[in-house]
$ cat run-v7.tsv   # TSV, C-alpha atoms and all ligand atoms
chain	number	residue	atom	x	y	z
A	257	MET	CA	98.41	135.69	113.75
A	258	GLN	CA	101.17	138.34	113.96
A	259	HIS	CA	104.42	136.56	114.79
A	260	GLU	CA	107.34	138.61	116.17
A	261	LYS	CA	110.94	137.69	116.85
A	262	VAL	CA	111.12	140.06	119.84
A	263	ILE	CA	108.37	141.71	121.85
A	264	VAL	CA	109.34	144.32	124.45
A	265	ILE	CA	106.60	144.85	127.04
A	266	GLY	CA	106.85	148.41	128.36
A	267	SER	CA	108.45	151.62	127.11
A	268	GLY	CA	110.36	153.09	130.05
A	269	PRO	CA	114.15	153.54	129.89
A	270	ALA	CA	114.69	149.75	130.20
A	271	GLY	CA	112.20	148.94	127.45
A	272	LEU	CA	113.35	151.64	125.02
A	273	THR	CA	116.97	150.60	125.53
A	274	ALA	CA	116.15	146.92	124.97
A	275	ALA	CA	114.31	148.05	121.83
A	276	LEU	CA	117.34	150.07	120.66
A	277	TYR	CA	119.77	147.20	121.12
A	278	THR	CA	117.56	144.50	119.61
A	279	ALA	CA	116.74	146.85	116.71
A	280	ARG	CA	120.45	147.43	116.05
A	281	ALA	CA	120.86	143.63	116.09
A	282	GLN	CA	118.35	143.52	113.19
A	283	LEU	CA	115.68	141.82	115.27
A	284	ASN	CA	112.95	144.33	114.38
A	285	PRO	CA	111.45	144.50	117.91
A	286	LEU	CA	107.83	145.38	118.61
A	287	VAL	CA	107.40	147.54	121.72
A	288	ILE	CA	104.03	147.30	123.48
A	289	VAL	CA	104.09	150.80	124.92
A	290	GLY	CA	101.80	150.38	127.95
A	291	PRO	CA	99.67	153.07	129.60
A	292	GLN	CA	102.36	155.79	129.40
A	293	LEU	CA	105.10	156.06	126.77
A	294	GLY	CA	108.33	156.39	128.75
A	295	GLY	CA	106.83	155.10	132.01
A	296	GLN	CA	107.61	157.00	135.18
A	297	VAL	CA	110.38	159.14	133.71
A	298	ALA	CA	107.84	160.64	131.29
A	299	ILE	CA	106.18	162.37	134.23
A	300	THR	CA	109.46	163.43	135.86
A	301	HIS	CA	109.96	167.16	135.68
A	302	GLU	CA	113.74	167.13	135.45
A	303	VAL	CA	116.37	164.40	135.18
A	304	GLU	CA	119.62	165.75	136.58
A	305	ASN	CA	121.60	162.55	137.08
A	306	TYR	CA	121.57	160.84	133.70
A	307	PRO	CA	125.10	161.04	132.28
A	308	GLY	CA	125.68	162.98	129.10
A	309	PHE	CA	123.29	165.84	129.93
A	310	PRO	CA	125.26	168.19	132.20
A	311	GLU	CA	122.43	170.74	132.32
A	312	GLY	CA	119.81	168.03	132.97
A	313	LEU	CA	116.78	167.56	130.75
A	314	SER	CA	113.08	167.02	131.18
A	315	GLY	CA	111.68	163.49	131.50
A	316	PRO	CA	109.52	163.87	128.35
A	317	ASP	CA	112.58	165.12	126.39
A	318	LEU	CA	114.63	162.11	127.42
A	319	VAL	CA	111.80	159.72	126.54
A	320	GLU	CA	111.35	161.25	123.10
A	321	LYS	CA	115.09	161.00	122.40
A	322	MET	CA	115.13	157.32	123.46
A	323	ARG	CA	111.97	156.52	121.49
A	324	ALA	CA	113.29	158.17	118.30
A	325	GLN	CA	116.72	156.54	118.65
A	326	ALA	CA	115.23	153.01	118.84
A	327	GLU	CA	112.84	153.80	115.98
A	328	ARG	CA	115.73	154.95	113.80
A	329	PHE	CA	117.11	151.40	113.90
A	330	GLY	CA	113.80	149.68	113.23
A	331	ALA	CA	111.90	149.43	116.52
A	332	ARG	CA	108.12	149.56	116.07
A	333	TYR	CA	105.55	150.73	118.63
A	334	GLU	CA	102.14	149.34	119.47
A	335	TYR	CA	100.23	151.93	121.52
A	336	ALA	CA	98.37	149.46	123.73
A	337	SER	CA	98.84	147.65	127.03
A	338	VAL	CA	99.36	143.94	127.52
A	339	SER	CA	96.34	142.29	129.13
A	340	GLU	CA	97.57	138.68	129.27
A	341	VAL	CA	100.65	136.61	128.52
A	342	ASP	CA	101.22	132.89	128.12
A	343	PHE	CA	104.83	131.98	128.79
A	344	THR	CA	104.11	128.53	130.17
A	345	HIS	CA	103.19	126.58	127.03
A	346	GLY	CA	106.56	126.92	125.30
A	347	ARG	CA	107.54	129.00	122.29
A	348	PRO	CA	106.25	130.95	120.56
A	349	PHE	CA	104.90	132.85	123.57
A	350	THR	CA	101.49	134.50	123.39
A	351	VAL	CA	100.98	138.17	124.23
A	352	LYS	CA	97.45	139.64	124.22
A	353	THR	CA	96.85	143.38	124.15
A	354	ASP	CA	93.93	145.46	125.37
A	355	ASN	CA	93.22	146.60	121.79
A	356	GLY	CA	92.30	143.03	120.89
A	357	LYS	CA	95.53	141.78	119.32
A	358	ILE	CA	96.94	138.31	119.93
A	359	LEU	CA	100.66	138.29	119.17
A	360	LEU	CA	103.16	135.45	119.04
A	361	ALA	CA	106.76	136.04	120.09
A	362	ASP	CA	109.95	133.97	119.88
A	363	SER	CA	111.37	136.01	122.76
A	364	VAL	CA	110.15	138.67	125.19
A	365	VAL	CA	111.72	141.43	127.28
A	366	VAL	CA	109.52	142.25	130.26
A	367	THR	CA	109.95	145.90	131.33
A	368	SER	CA	106.58	146.73	132.88
A	369	GLY	CA	108.08	148.90	135.62
A	370	ALA	CA	106.49	149.87	138.89
A	371	SER	CA	103.66	152.10	140.14
A	372	PRO	CA	103.37	154.44	143.12
A	373	ARG	CA	102.59	152.71	146.41
A	374	LYS	CA	99.38	153.82	148.10
A	375	LEU	CA	98.81	154.78	151.72
A	376	GLN	CA	95.62	152.68	151.77
A	377	ILE	CA	93.74	155.03	154.09
A	378	PRO	CA	90.16	156.31	153.98
A	379	GLY	CA	89.70	159.10	151.43
A	380	GLU	CA	92.82	158.30	149.38
A	381	ASP	CA	91.10	156.73	146.36
A	382	GLU	CA	88.04	158.93	146.69
A	383	TYR	CA	90.02	162.19	146.36
A	384	VAL	CA	92.45	161.25	143.56
A	385	GLY	CA	92.24	164.18	141.15
A	386	ARG	CA	90.48	166.27	143.80
A	387	GLY	CA	93.46	166.94	146.03
A	388	VAL	CA	95.27	163.60	146.15
A	389	SER	CA	98.13	163.09	143.68
A	390	TYR	CA	101.14	160.85	143.04
A	391	CYS	CA	102.79	163.19	140.52
A	392	GLY	CA	104.03	166.72	141.17
A	393	THR	CA	104.91	167.32	137.54
A	394	CYS	CA	101.40	166.36	136.42
A	395	ASP	CA	99.38	168.17	139.06
A	396	GLY	CA	101.57	170.84	140.68
A	397	PHE	CA	100.11	173.56	138.49
A	398	PHE	CA	96.65	173.08	140.05
A	399	PHE	CA	98.00	173.96	143.49
A	400	ARG	CA	99.21	177.50	142.86
A	401	GLY	CA	99.12	179.53	146.08
A	402	LYS	CA	97.76	176.62	148.12
A	403	ASP	CA	98.97	174.90	151.28
A	404	ILE	CA	99.79	171.28	150.57
A	405	VAL	CA	101.45	168.28	152.20
A	406	VAL	CA	103.90	165.73	150.82
A	407	VAL	CA	104.04	162.26	152.37
A	408	GLY	CA	107.32	160.30	152.58
A	409	GLY	CA	110.93	160.81	153.53
A	410	GLY	CA	112.82	159.47	150.51
A	411	ASP	CA	114.42	161.14	147.49
A	412	SER	CA	111.11	161.23	145.61
A	413	ALA	CA	109.27	163.02	148.42
A	414	LEU	CA	111.95	165.71	148.71
A	415	GLU	CA	112.56	166.13	144.99
A	416	GLU	CA	108.85	166.43	144.27
A	417	GLY	CA	108.32	168.59	147.36
A	418	ILE	CA	111.01	171.04	146.20
A	419	PHE	CA	109.43	171.12	142.73
A	420	LEU	CA	105.99	171.77	144.23
A	421	THR	CA	107.26	174.88	146.04
A	422	ARG	CA	107.21	176.55	142.60
A	423	PHE	CA	103.43	176.51	142.79
A	424	ALA	CA	102.31	176.00	146.36
A	425	ASN	CA	102.33	178.59	149.09
A	426	LYS	CA	103.58	176.07	151.65
A	427	VAL	CA	104.77	172.44	151.41
A	428	GLU	CA	104.79	170.38	154.61
A	429	VAL	CA	106.58	167.04	154.47
A	430	ILE	CA	104.90	164.45	156.66
A	431	HIS	CA	107.25	161.64	157.60
A	432	ARG	CA	106.67	158.64	159.82
A	433	ARG	CA	110.14	158.82	161.41
A	434	ASP	CA	112.39	161.63	162.69
A	435	GLU	CA	115.08	160.96	160.09
A	436	LEU	CA	114.89	161.23	156.32
A	437	ARG	CA	115.80	158.42	153.96
A	438	ALA	CA	116.65	160.91	151.17
A	439	GLY	CA	120.25	161.64	150.21
A	440	PRO	CA	122.15	164.56	151.80
A	441	PHE	CA	122.05	166.79	148.71
A	442	LEU	CA	118.26	166.77	148.50
A	443	GLN	CA	117.96	167.08	152.28
A	444	LYS	CA	120.08	170.23	152.22
A	445	ARG	CA	118.03	171.75	149.41
A	446	ALA	CA	114.78	170.91	151.22
A	447	PHE	CA	115.93	172.28	154.60
A	448	ASN	CA	117.10	175.48	152.90
A	449	ASN	CA	113.81	175.97	151.06
A	450	GLU	CA	111.78	178.64	152.86
A	451	LYS	CA	108.47	177.21	151.69
A	452	MET	CA	109.18	173.74	153.09
A	453	SER	CA	108.69	172.45	156.62
A	454	PHE	CA	108.64	169.01	158.24
A	455	VAL	CA	106.21	167.16	160.46
A	456	TRP	CA	108.12	164.29	162.08
A	457	ASN	CA	106.97	160.96	163.52
A	458	THR	CA	103.58	161.45	161.96
A	459	VAL	CA	101.27	159.52	159.63
A	460	ILE	CA	97.99	160.39	157.93
A	461	ASP	CA	94.99	158.37	159.12
A	462	GLU	CA	92.39	159.94	156.85
A	463	ILE	CA	91.97	162.35	153.93
A	464	ALA	CA	88.70	164.28	153.93
A	465	GLY	CA	86.86	167.29	152.56
A	466	GLU	CA	83.71	168.69	151.04
A	467	GLY	CA	83.95	167.71	147.36
A	468	ALA	CA	87.73	168.24	147.37
A	469	VAL	CA	90.39	167.70	150.03
A	470	ASP	CA	90.21	170.34	152.77
A	471	HIS	CA	91.80	168.53	155.70
A	472	ILE	CA	93.65	165.42	156.83
A	473	VAL	CA	93.74	163.57	160.12
A	474	LEU	CA	97.30	163.27	161.44
A	475	ARG	CA	98.50	160.81	164.08
A	476	ASP	CA	101.65	161.14	166.15
A	477	VAL	CA	103.18	157.65	166.01
A	478	ASN	CA	104.83	158.05	169.44
A	479	THR	CA	101.88	159.37	171.47
A	480	GLY	CA	99.01	158.05	169.33
A	481	GLU	CA	97.41	161.52	169.48
A	482	THR	CA	95.36	162.54	166.45
A	483	ARG	CA	94.48	165.98	165.14
A	484	GLN	CA	92.82	167.57	162.15
A	485	HIS	CA	95.12	169.51	159.85
A	486	PRO	CA	93.87	171.81	157.08
A	487	THR	CA	95.37	171.24	153.62
A	488	GLU	CA	94.22	171.38	150.00
A	489	GLY	CA	96.62	168.88	148.50
A	490	VAL	CA	98.13	165.53	149.52
A	491	PHE	CA	101.06	164.38	147.36
A	492	ILE	CA	102.06	160.82	148.16
A	493	PHE	CA	105.61	159.56	147.47
A	494	ILE	CA	106.15	156.46	149.59
A	495	GLY	CA	107.83	154.14	147.12
A	496	HIS	CA	106.64	151.86	144.36
A	497	GLU	CA	105.28	148.40	143.66
A	498	PRO	CA	106.14	146.27	140.62
A	499	ASN	CA	103.50	146.07	137.87
A	500	ASN	CA	103.40	142.29	138.00
A	501	SER	CA	99.72	141.29	137.78
A	502	ILE	CA	99.97	139.80	134.27
A	503	TYR	CA	103.02	137.72	135.21
A	504	LYS	CA	101.50	135.91	138.22
A	505	ASP	CA	101.78	132.13	137.66
A	506	GLN	CA	103.97	132.89	134.62
A	507	LEU	CA	107.30	134.09	136.03
A	508	GLU	CA	109.02	133.46	139.34
A	509	MET	CA	108.92	136.45	141.68
A	510	ASP	CA	110.42	137.30	145.06
A	511	GLU	CA	108.31	137.81	148.17
A	512	GLU	CA	107.78	141.49	147.28
A	513	GLY	CA	106.55	140.61	143.80
A	514	TYR	CA	109.64	141.60	141.79
A	515	VAL	CA	110.38	139.30	138.83
A	516	ILE	CA	113.48	137.24	139.58
A	517	THR	CA	116.32	137.50	137.05
A	518	ASP	CA	119.86	136.15	136.95
A	519	LYS	CA	123.03	138.00	135.93
A	520	LEU	CA	122.06	137.63	132.26
A	521	MET	CA	118.63	139.17	132.94
A	522	ARG	CA	116.99	135.78	132.28
A	523	THR	CA	113.71	135.07	134.05
A	524	SER	CA	112.49	131.63	135.14
A	525	VAL	CA	111.21	131.04	131.57
A	526	GLU	CA	113.80	130.43	128.85
A	527	GLY	CA	113.44	133.10	126.17
A	528	VAL	CA	111.83	135.65	128.51
A	529	PHE	CA	114.14	138.34	129.86
A	530	ALA	CA	113.35	141.20	132.26
A	531	ALA	CA	114.87	144.61	132.97
A	532	GLY	CA	114.14	147.81	134.89
A	533	GLU	CA	111.94	148.30	137.93
A	534	ILE	CA	109.83	145.15	137.41
A	535	GLN	CA	112.91	143.24	138.61
A	536	ASP	CA	114.89	145.90	140.50
A	537	PRO	CA	113.73	146.90	143.99
A	538	ILE	CA	117.08	148.51	144.81
A	539	TYR	CA	118.49	151.03	142.35
A	540	ARG	CA	115.51	152.22	140.29
A	541	GLN	CA	117.41	154.86	138.36
A	542	VAL	CA	117.18	155.79	134.69
A	543	GLY	CA	120.86	154.84	134.44
A	544	THR	CA	120.46	151.40	135.99
A	545	SER	CA	117.32	150.67	133.95
A	546	VAL	CA	119.21	151.59	130.79
A	547	GLY	CA	122.03	149.23	131.81
A	548	GLN	CA	119.63	146.40	132.58
A	549	GLY	CA	117.78	146.95	129.28
A	550	THR	CA	121.12	146.78	127.46
A	551	ALA	CA	122.10	143.56	129.23
A	552	ALA	CA	118.70	141.94	128.63
A	553	ALA	CA	118.82	142.76	124.91
A	554	MET	CA	122.37	141.45	124.52
A	555	SER	CA	121.54	138.22	126.36
A	556	LEU	CA	118.39	137.83	124.29
A	557	GLU	CA	120.23	138.36	121.01
A	558	ARG	CA	122.84	135.73	121.92
A	559	TRP	CA	120.23	133.26	123.17
A	560	LEU	CA	118.02	133.71	120.10
A	561	SER	CA	120.83	133.22	117.59
A	562	GLU	CA	122.09	130.10	119.43
A	563	THR	CA	118.57	128.68	119.69
A	564	GLU	CA	117.80	129.37	116.03
A	565	ALA	CA	121.12	127.78	114.98
A	566	GLU	CA	120.35	124.68	117.07
A	567	GLU	CA	116.85	124.44	115.60
A	568	GLU	CA	118.22	124.68	112.06
A	569	GLU	CA	120.71	121.89	112.75
A	570	THR	CA	118.14	119.62	114.40
A	571	PRO	CA	115.42	118.28	112.09
A	572	ALA	CA	111.96	118.71	113.59
A	573	ASN	CA	111.35	114.95	114.06
A	574	GLU	CA	114.60	114.63	116.05
A	575	ALA	CA	113.83	117.67	118.17
A	576	THR	CA	110.49	116.25	119.32
A	577	PRO	CA	110.92	112.47	119.66
A	578	GLU	CA	107.61	110.64	119.82
A	579	LEU	CA	106.84	108.69	122.95
A	580	ASN	CA	105.41	105.23	122.51
A	601	LIG	P1	111.97	155.13	149.10
A	601	LIG	O1	113.41	155.51	149.05
A	601	LIG	O2	111.58	153.73	149.32
A	601	LIG	O3	111.29	156.04	150.20
A	601	LIG	C1	109.96	155.85	150.57
A	601	LIG	C2	109.66	156.75	151.76
A	601	LIG	O4	108.26	156.62	152.08
A	601	LIG	C3	110.45	156.39	152.99
A	601	LIG	O5	110.87	157.56	153.66
A	601	LIG	C4	109.44	155.59	153.83
A	601	LIG	O6	109.62	155.75	155.19
A	601	LIG	C5	108.13	156.20	153.42
A	601	LIG	N1	107.02	155.25	153.49
A	601	LIG	C6	106.95	154.02	152.93
A	601	LIG	N2	105.74	153.46	153.17
A	601	LIG	C7	105.06	154.35	153.92
A	601	LIG	C8	103.76	154.35	154.48
A	601	LIG	N3	102.92	153.33	154.33
A	601	LIG	N4	103.36	155.43	155.19
A	601	LIG	C9	104.20	156.48	155.34
A	601	LIG	N5	105.45	156.55	154.82
A	601	LIG	C10	105.87	155.48	154.12
A	601	LIG	O7	111.19	155.57	147.75
A	601	LIG	P2	111.48	156.80	146.76
A	601	LIG	O8	111.68	158.07	147.49
A	601	LIG	O9	110.37	156.71	145.76
A	601	LIG	O10	112.84	156.40	146.04
A	601	LIG	C11	112.96	155.14	145.37
A	601	LIG	C12	114.36	155.03	144.76
A	601	LIG	O11	114.51	155.99	143.71
A	601	LIG	C13	115.46	155.30	145.77
A	601	LIG	O12	116.54	154.45	145.49
A	601	LIG	C14	115.84	156.72	145.49
A	601	LIG	O13	117.18	157.00	145.83
A	601	LIG	C15	115.61	156.81	144.00
A	601	LIG	N6	115.33	158.22	143.60
A	601	LIG	C16	116.41	159.00	143.32
A	601	LIG	C17	116.20	160.32	142.96
A	601	LIG	C18	117.40	161.16	142.67
A	601	LIG	O14	118.52	160.65	142.78
A	601	LIG	N7	117.26	162.41	142.31
A	601	LIG	C19	114.92	160.85	142.89
A	601	LIG	C20	113.84	160.02	143.20
A	601	LIG	C21	114.06	158.70	143.56
A	601	LIG	P3	110.89	155.12	155.96
A	601	LIG	O15	112.05	155.98	155.60
A	601	LIG	O16	110.50	155.18	157.39
A	601	LIG	O17	111.01	153.70	155.46
$ encode --input "run-v7.tsv" --output "structure tokens"
Amino acid sequence: MQHEKVIVIGSGPAGLTAALYTARAQLNPLVIVGPQLGGQVAITHEVENYPGFPEGLSGPDLVEKMRAQAERFGARYEYASVSEVDFTHGRPFTVKTDNGKILLADSVVVTSGASPRKLQIPGEDEYVGRGVSYCGTCDGFFFRGKDIVVVGGGDSALEEGIFLTRFANKVEVIHRRDELRAGPFLQKRAFNNEKMSFVWNTVIDEIAGEGAVDHIVLRDVNTGETRQHPTEGVFIFIGHEPNNSIYKDQLEMDEEGYVITDKLMRTSVEGVFAAGEIQDPIYRQVGTSVGQGTAAAMSLERWLSETEAEEEETPANEATPELN
């Protein structure tokens, strides 16, 4: 069975940074890439707030730079997703992938990230790819000249909404309150954008159409009144949920399902560290994920060298005294 010193699960900014640091520490990490190399930033049109790039750069560009930098120091990539882990039977840990591999690992960095939250309304799942989308960068092009709506009032909704005005004829932002959560800079840009308008205190009850989305049912949250509203696209940006399904019963999580870590990025299992959005419901920036990936890798490196030194000093029969 393939036995690794370090396995990094996930390849977003946290994972690629953990890979870079553990690679530079000569630990030869194996990165299990997951469904999308780079994670969410790979489908981000432009990253304007990552230091060192005053003109901004595209998400895919940043991912490729991070991937190549970690590879230069010895990181290796397995283009598969993790289907199962066993962290509860001691070391080495077991990591199974969906391409049939069973890997053993002395240590693991969990960086599985988060996925877009769903509205969970009738028509949402049915019309994904036929008018419903969670990614402006991926799908904006298909909505040239069309009237579309964006759902949400945070930074993502406004940033993506502004981007979508490049293609769409009209972008209406549907928000459940009368005040945006997004920061003032994005609010100003959105309010000044001629193609954007806002529908306040309103939620979508249903997405419908003939083959593809052609209308939605809106509800005023104050009056309860509903009405049909024609639209050809529904872009949903209402936050994210941690990708934690493989860690249930393996790692301690908070009530929202985020993996719990301490200041050293240690999880509830010794030897398993976590970084990025799987354990961060607050900041969720490329910059903070990079910082957390750095910290996790440094803690891991220190822990692994101390553990290996202890194991070398302690003969095996002393380390596991027999009970009688
Ligand atoms: P967010 O800040 O959590 O905003 C989610 C928005 O969706 C909120 O306006 C919320 O309404 C609304 N919402 C949540 N559940 C809903 C539901 N079931 N139905 C209708 N509306 C719902 O998420 P985000 O915009 O994805 O941002 C996440 C983090 O990334 C934030 O820290 C943000 O600052 C950051 N971010 C930064 C940038 C940037 O700096 N350029 C870009 C993107 C994201 P309420 O306001 O009523 O709760």
$ closest_residue --input "run-v7.tsv" --among "A:Ile288, A:Ala370, A:Ala424, A:Leu283" --to "ligand LIG 601 (chain A)" --atoms "all atoms listed in the file"
A:Ala370
$ residues_near_ligand --input "run-v7.tsv" --ligand "ligand LIG 601 (chain A)" --cutoff "10 Å" --atoms "only C-alpha atoms and all ligand atoms" --output "MDAnalysis selection string"
chainID A and resid 300 302:306 371:377 407:416 430:439 441:442 457:461 492:497 533 537:542
$ closest_residue --input "run-v7.tsv" --among "A:Gly480, A:Glu450, A:His301, A:Thr367" --to "Thr393 in chain A" --atoms "all atoms listed in the file"
A:His301
$ closest_residue --input "run-v7.tsv" --among "A:Ala530, A:Val351, A:Met452, A:Ala464" --to "Leu286 in chain A" --atoms "all atoms listed in the file"
A:Val351
$ closest_residue --input "run-v7.tsv" --among "A:Val455, A:Ile299, A:Met521, A:Ala446" --to "Glu428 in chain A" --atoms "only C-alpha atoms"
A:Val455
$ residues_around --input "run-v7.tsv" --residues "Ser389 in chain A" --least-positions-apart "4" --cutoff "8 Å" --atoms "all atoms listed in the file" --output "ChimeraX atom specification"
/A:384-385,395,489-492
$ atom_distance --input "run-v7.tsv" --atom1 "CA of Pro440 in chain A" --atom2 "CA of Leu420 in chain A"
19.2 Å
$ closest_residue --input "run-v7.tsv" --among "A:His259, A:Arg522, A:Arg475, A:Arg558" --to "Thr350 in chain A" --atoms "all atoms listed in the file"
A:His259
$ residues_around --input "run-v7.tsv" --residues "Val289 in chain A" --least-positions-apart "4" --cutoff "12 Å" --atoms "all atoms listed in the file" --output "number ranges by chain"
A: 263-272, 275, 285, 293-295, 319, 323, 331-338, 353-354, 366-369
$ closest_residue --input "run-v7.tsv" --among "A:Ala565, A:Met554, A:Ala324, A:Val525" --to "Ala281 in chain A" --atoms "all atoms listed in the file"
A:Met554
$ atom_distance --input "run-v7.tsv" --atom1 "CA of Pro307 in chain A" --atom2 "CA of Val287 in chain A"
24.6 Å
